[in-house]
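Here's the structure, in structure tokens; my notes come after.
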Amino acid sequence: MRRRELFGAAMASTAAAALLTTKEASAQDAVARAARGMPSPKIRDVSVIECAPQGVRLTVVKITTDQPGLYGYGCATFTQRADLVKPAVELYLKPLLLGRTVDRIEDIWQMSYNSSYWRNGPVENNAISGVDLALWDLVAKQRGEPVHHLLGGKVTCCRLTWHFRADISPQTKR
């Protein structure tokens with residue numbers, strides 16, 4: 001490749017990056033205009049629902065906001081220590097979360113993770129994941145979209161399947 005072609009390719013990639021940045025900026029401006037004047041919902045209550053369908057102990061976090069009918073659910077199940085997740089959410093995370101806005105999901109995650117003494121423990125990680133999922137559920141309900149749209153949309157257009165027939169032995173040829 002000659003220097004002129006290399007220089008041209010570099011300029012084209014810079015122009016594409018600038019175009020992408022312009023698109024991102026216009027999209028952020030559109031979101032800001034749409035949300036202007038609307039108060040961001042604040043967390044009013046955090047509760048834990050424990051259940052055991054078919055003997056499997058499940059833990060679900062419910063976050064309620066100050067806007068009527070707006071709430072989110074998140075799975076915080078840790079089957080090996082199911083009794084410990086509920087106190088972790090109610091005694092540790094709930095005081096940190098009350099009054100915070102729901103649209104600051106990453107900040108809430110960082111605050112919840114970094115404010116504990118024992119980081120990376122399974123109980124704390126499950127409690128935080130339940131809160132995180134509940135916040136994503138809340139934002140998705142507020143926008144009227146499924147959560148997977150907020151996380152980038154569909155990944156595949158078709159479903160891969162595997163078919164297994166037990167009646168065919170390895171020696172049988174098709």
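Every chain in the structure tokens has a letter given in the order shown (A, B, ...), and although residue numbers restart at 1 in each chain, ligands are simply numbered from 1 in the order shown.
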
>> I need the helix (DSSP H, G or I) residues of segment 86-150 of chain A per DSSP on the backbone, written as a PyMOL selection string.
In response: chain A and resi 86-97+105-114+122-143+147-150

Which residues of segment 116-142 of chain A have any atom within 12 Å of an atom in segment 107-112 of chain A when counting only C-alpha atoms, and what is the closest pair of atoms for each, with the distance in Å to one decimal? Order the rows by chain and rising number and write it as CSV.
```
residue,atom,partner,partner_atom,distance
A:Ser116,CA,A:Ser112,CA,7.1
A:Tyr117,CA,A:Ser112,CA,10.8
A:Trp118,CA,A:Ser112,CA,11.5
A:Arg119,CA,A:Ser112,CA,9.8
A:Asn120,CA,A:Ser112,CA,11.3
A:Glu124,CA,A:Ser112,CA,9.0
A:Asn125,CA,A:Ser112,CA,9.6
A:Asn126,CA,A:Ser112,CA,11.7
A:Ala127,CA,A:Ser112,CA,9.6
A:Ile128,CA,A:Ser112,CA,6.9
A:Ser129,CA,A:Trp109,CA,8.6
A:Gly130,CA,A:Trp109,CA,10.7
A:Val131,CA,A:Trp109,CA,8.4
A:Asp132,CA,A:Trp109,CA,6.8
A:Leu133,CA,A:Trp109,CA,10.5
A:Ala134,CA,A:Trp109,CA,11.7
A:Leu135,CA,A:Ile108,CA,9.4
A:Trp136,CA,A:Trp109,CA,11.5
```

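Here the question is which of A:Lys23, A:Lys62, A:Lys141, A:Arg81 gets nearest to Val46 of chain A using only C-alpha atoms, and that residue is A:Lys62.
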
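When atom CA of Leu151 of chain A is paired with atom CA of Cys75 of chain A, their separation reads 17.1 Å.
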
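Taking atom CA of Tyr113 of chain A and atom CA of Gly153 of chain A as endpoints, the distance between them is 27.0 Å.
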
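Minimum atom-to-atom distances from A:Thr161, A:Asp83, A:Val61, A:Ile43 to Pro95 of chain A were compared using only C-alpha atoms, and the lowest value belongs to A:Ile43.
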
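Atom CA of Glu145 of chain A is found 23.0 Å from atom CA of Asp45 of chain A.
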
>> Quick one: residues within 12 Å of Ala140 of chain A, only C-alpha atoms, excluding same-chain residues fewer than 2 positions away - as a ChimeraX atom specification?
In response: /A:70-73,102-103,133-138,142-151

Convert the current residue selection to file output with N, CA, C and O atoms, as a CSV table (one decimal), in the first residue's frame.
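Now in part.csv:
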```csv
chain,number,residue,atom,x,y,z
A,70,LEU,N,-45.0,1.9,39.0
A,70,LEU,CA,-43.7,1.7,38.4
A,70,LEU,C,-42.8,0.9,39.4
A,70,LEU,O,-42.5,1.5,40.4
A,71,TYR,N,-42.5,-0.3,39.1
A,71,TYR,CA,-41.7,-1.2,40.0
A,71,TYR,C,-41.0,-2.1,39.1
A,71,TYR,O,-41.3,-2.3,37.9
A,72,GLY,N,-39.9,-2.8,39.6
A,72,GLY,CA,-39.1,-3.7,38.9
A,72,GLY,C,-38.8,-4.9,39.7
A,72,GLY,O,-38.6,-4.8,41.0
A,73,TYR,N,-38.6,-6.1,39.1
A,73,TYR,CA,-38.2,-7.3,39.7
A,73,TYR,C,-36.9,-7.7,39.2
A,73,TYR,O,-36.5,-7.6,38.1
A,102,VAL,N,-33.5,6.0,39.6
A,102,VAL,CA,-33.4,4.7,39.0
A,102,VAL,C,-32.6,4.7,37.8
A,102,VAL,O,-32.2,3.6,37.3
A,103,ASP,N,-32.4,5.8,37.1
A,103,ASP,CA,-31.7,5.8,35.9
A,103,ASP,C,-30.2,5.9,36.0
A,103,ASP,O,-29.5,5.9,35.0
A,133,LEU,N,-30.8,-6.1,38.2
A,133,LEU,CA,-31.8,-6.6,37.3
A,133,LEU,C,-33.2,-5.9,37.6
A,133,LEU,O,-33.9,-5.6,36.6
A,134,ALA,N,-33.5,-5.6,38.8
A,134,ALA,CA,-34.7,-4.9,39.1
A,134,ALA,C,-34.7,-3.5,38.5
A,134,ALA,O,-35.7,-2.9,38.0
A,135,LEU,N,-33.5,-2.8,38.6
A,135,LEU,CA,-33.4,-1.5,38.0
A,135,LEU,C,-33.5,-1.5,36.5
A,135,LEU,O,-34.1,-0.6,35.9
A,136,TRP,N,-32.9,-2.5,35.8
A,136,TRP,CA,-33.0,-2.6,34.4
A,136,TRP,C,-34.5,-2.9,34.0
A,136,TRP,O,-35.0,-2.3,33.0
A,137,ASP,N,-35.2,-3.7,34.8
A,137,ASP,CA,-36.6,-4.0,34.6
A,137,ASP,C,-37.4,-2.7,34.7
A,137,ASP,O,-38.3,-2.4,33.9
A,138,LEU,N,-37.1,-1.9,35.7
A,138,LEU,CA,-37.8,-0.6,35.9
A,138,LEU,C,-37.6,0.3,34.7
A,138,LEU,O,-38.6,0.9,34.3
A,142,GLN,N,-40.4,1.7,32.2
A,142,GLN,CA,-40.6,3.2,32.0
A,142,GLN,C,-40.6,3.6,30.6
A,142,GLN,O,-41.3,4.4,30.1
A,143,ARG,N,-39.7,2.9,29.8
A,143,ARG,CA,-39.6,3.3,28.4
A,143,ARG,C,-40.6,2.5,27.5
A,143,ARG,O,-40.7,2.7,26.3
A,144,GLY,N,-41.2,1.5,28.1
A,144,GLY,CA,-42.1,0.7,27.3
A,144,GLY,C,-41.5,-0.3,26.3
A,144,GLY,O,-42.0,-0.6,25.3
A,145,GLU,N,-40.3,-0.8,26.7
A,145,GLU,CA,-39.5,-1.7,25.8
A,145,GLU,C,-39.1,-2.9,26.7
A,145,GLU,O,-39.0,-2.8,27.9
A,146,PRO,N,-38.8,-4.0,26.0
A,146,PRO,CA,-38.3,-5.2,26.8
A,146,PRO,C,-36.8,-4.9,27.1
A,146,PRO,O,-36.1,-4.1,26.5
A,147,VAL,N,-36.3,-5.5,28.2
A,147,VAL,CA,-35.0,-5.3,28.7
A,147,VAL,C,-33.9,-5.6,27.6
A,147,VAL,O,-32.9,-4.9,27.5
A,148,HIS,N,-34.2,-6.6,26.8
A,148,HIS,CA,-33.1,-7.0,25.8
A,148,HIS,C,-32.9,-5.9,24.8
A,148,HIS,O,-31.9,-5.8,24.2
A,149,HIS,N,-33.9,-5.0,24.6
A,149,HIS,CA,-33.7,-3.9,23.7
A,149,HIS,C,-32.7,-2.9,24.3
A,149,HIS,O,-31.9,-2.3,23.6
A,150,LEU,N,-32.8,-2.7,25.6
A,150,LEU,CA,-31.9,-1.8,26.3
A,150,LEU,C,-30.5,-2.3,26.3
A,150,LEU,O,-29.5,-1.5,26.3
A,151,LEU,N,-30.3,-3.6,26.2
A,151,LEU,CA,-29.0,-4.2,26.3
A,151,LEU,C,-28.4,-4.5,24.9
A,151,LEU,O,-27.5,-5.2,24.8
```

> Could you pull the residues within 12 Å of Thr101 of chain A, counting only C-alpha atoms, minus those fewer than 3 positions along the same chain, as a VMD selection string?
Replying inline: chain A and resid 39 to 44 63 to 67 96 to 98 104 to 108 135 138 to 139
